[in-house]
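Asks: Questions regarding the structure given below will be posed in turn.
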Amino acid sequence: MMNDERLLSLLGLAQKAGKIVSGEMAVEKAIRNRSAKLLLVAADASESTKKNYQDMAAYYSTPIFILLTKDQLGVSIGKISRAALAVTDTGFNKAILKLLTM
């Protein structure tokens, strides 16, 4: 089972390092210009939001995980609730993937 606490603190570190993009427009732009290495979408996001991100992630071959809540994603990066986050750094991407696939 994935360790939520470790994931949330990793996301916080990535945010402080400027390696997280959040907000619908910014996340979509990061996917399109291929700077997004990993996409995290909140499990409680609307079905159409999840489908939109899943379709984009599939088209641009971006790994995607649907997990946590919008509030957890937002709080982890010190912001209000977020439906999606894009990780733009290879190092953080590897560390997060390792946690998610344990």
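Residue numbering restarts at 1 for every chain of the structure tokens, chains are lettered A, B, ... in their displayed order, and ligands are numbered from 1 as they appear.
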Using only C-alpha atoms, which residues sit within 12 Å of Arg32 (chain A) once same-chain residues fewer than 2 positions away are excluded, as a ChimeraX atom specification?

Replies: /A:25-30,34-37,53,55-62,86

Asks: Take the residues just selected and output them with C-alpha atoms as a PDB file, in the first residue's frame.

Replies:
ATOM      1  CA  MET A  25      -4.686  25.658 -17.727  1.00  0.00           C
ATOM      2  CA  ALA A  26      -1.125  25.236 -16.441  1.00  0.00           C
ATOM      3  CA  VAL A  27      -1.434  21.453 -16.138  1.00  0.00           C
ATOM      4  CA  GLU A  28      -2.861  21.109 -19.659  1.00  0.00           C
ATOM      5  CA  LYS A  29      -0.097  23.345 -21.037  1.00  0.00           C
ATOM      6  CA  ALA A  30       2.561  21.234 -19.267  1.00  0.00           C
ATOM      7  CA  ARG A  34       5.643  17.618 -22.727  1.00  0.00           C
ATOM      8  CA  SER A  35       7.182  19.175 -19.616  1.00  0.00           C
ATOM      9  CA  ALA A  36       4.798  17.105 -17.442  1.00  0.00           C
ATOM     10  CA  LYS A  37       6.599  13.886 -16.464  1.00  0.00           C
ATOM     11  CA  TYR A  53      -6.900  14.238 -18.201  1.00  0.00           C
ATOM     12  CA  ASP A  55      -7.357  11.207 -22.680  1.00  0.00           C
ATOM     13  CA  MET A  56      -4.636  13.881 -22.733  1.00  0.00           C
ATOM     14  CA  ALA A  57      -2.235  11.695 -20.751  1.00  0.00           C
ATOM     15  CA  ALA A  58      -2.806   8.801 -23.146  1.00  0.00           C
ATOM     16  CA  TYR A  59      -2.337  11.007 -26.223  1.00  0.00           C
ATOM     17  CA  TYR A  60       0.897  12.568 -24.924  1.00  0.00           C
ATOM     18  CA  SER A  61       2.131   9.329 -23.236  1.00  0.00           C
ATOM     19  CA  THR A  62       2.217  10.939 -19.795  1.00  0.00           C
ATOM     20  CA  ALA A  86       1.731  17.831 -12.998  1.00  0.00           C
TER      21      ALA A  86
END

Asks: Give me the residues near Lys79 (chain A) as a ChimeraX atom specification, where near means some atom within 12 Å (using only C-alpha atoms) and where sequence neighbours in that chain fewer than 4 positions away do not count.

Replies: /A:11-12,15-16,20-23,70-75,83,85

Asks: Please, what distance in Å, to one decimal, runs between CA of Glu47 (chain A) and CA of Gly18 (chain A)?

Replies: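 Answer for the CA of Glu47 (chain A) to CA of Gly18 (chain A) separation: 28.6 Å.
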
Asks: From the DSSP assignment of the backbone, select every residue of region 41-79 of chain A that is helix (DSSP H, G or I), and format the answer as a short mmCIF file (atom, residue, chain, number, x, y, z; two decimals) with C-alpha atoms, in the first residue's frame.

Replies:
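Contents of out_10.cif, as written:
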data_model
loop_
_atom_site.label_atom_id
_atom_site.label_comp_id
_atom_site.auth_asym_id
_atom_site.auth_seq_id
_atom_site.Cartn_x
_atom_site.Cartn_y
_atom_site.Cartn_z
CA GLU A 47 -15.80 12.16 -14.12
CA SER A 48 -15.44 14.54 -17.07
CA THR A 49 -12.30 16.09 -15.54
CA LYS A 50 -10.77 12.65 -14.98
CA LYS A 51 -11.67 11.54 -18.51
CA ASN A 52 -10.23 14.74 -20.02
CA TYR A 53 -6.90 14.24 -18.20
CA GLN A 54 -6.83 10.50 -18.97
CA ASP A 55 -7.36 11.21 -22.68
CA MET A 56 -4.64 13.88 -22.73
CA ALA A 57 -2.23 11.69 -20.75
CA ALA A 58 -2.81 8.80 -23.15
CA TYR A 59 -2.34 11.01 -26.22
CA LYS A 70 -8.68 17.49 -4.29
CA ASP A 71 -8.13 18.86 -0.77
CA GLN A 72 -5.17 16.53 -0.10
CA LEU A 73 -3.53 17.45 -3.41
CA GLY A 74 -4.06 21.15 -2.73
CA VAL A 75 -2.89 21.11 0.88
CA SER A 76 0.22 19.10 -0.04
#

Asks: Which residue is closest to Lys94 (chain A)? Choose from A:Ile80, A:Ser46, A:Pro63, A:Glu24 and count only C-alpha atoms.

Replies: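 The shortest atom-to-atom distance to Lys94 (chain A) comes from A:Pro63.
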
Asks: Of the candidates A:Leu97, A:Met102, A:Leu7, A:Leu40, which shows the shortest atom-to-atom distance to Arg82 (chain A), using only C-alpha atoms?

Replies: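 So, comparing all the options, the nearest one is A:Leu40.
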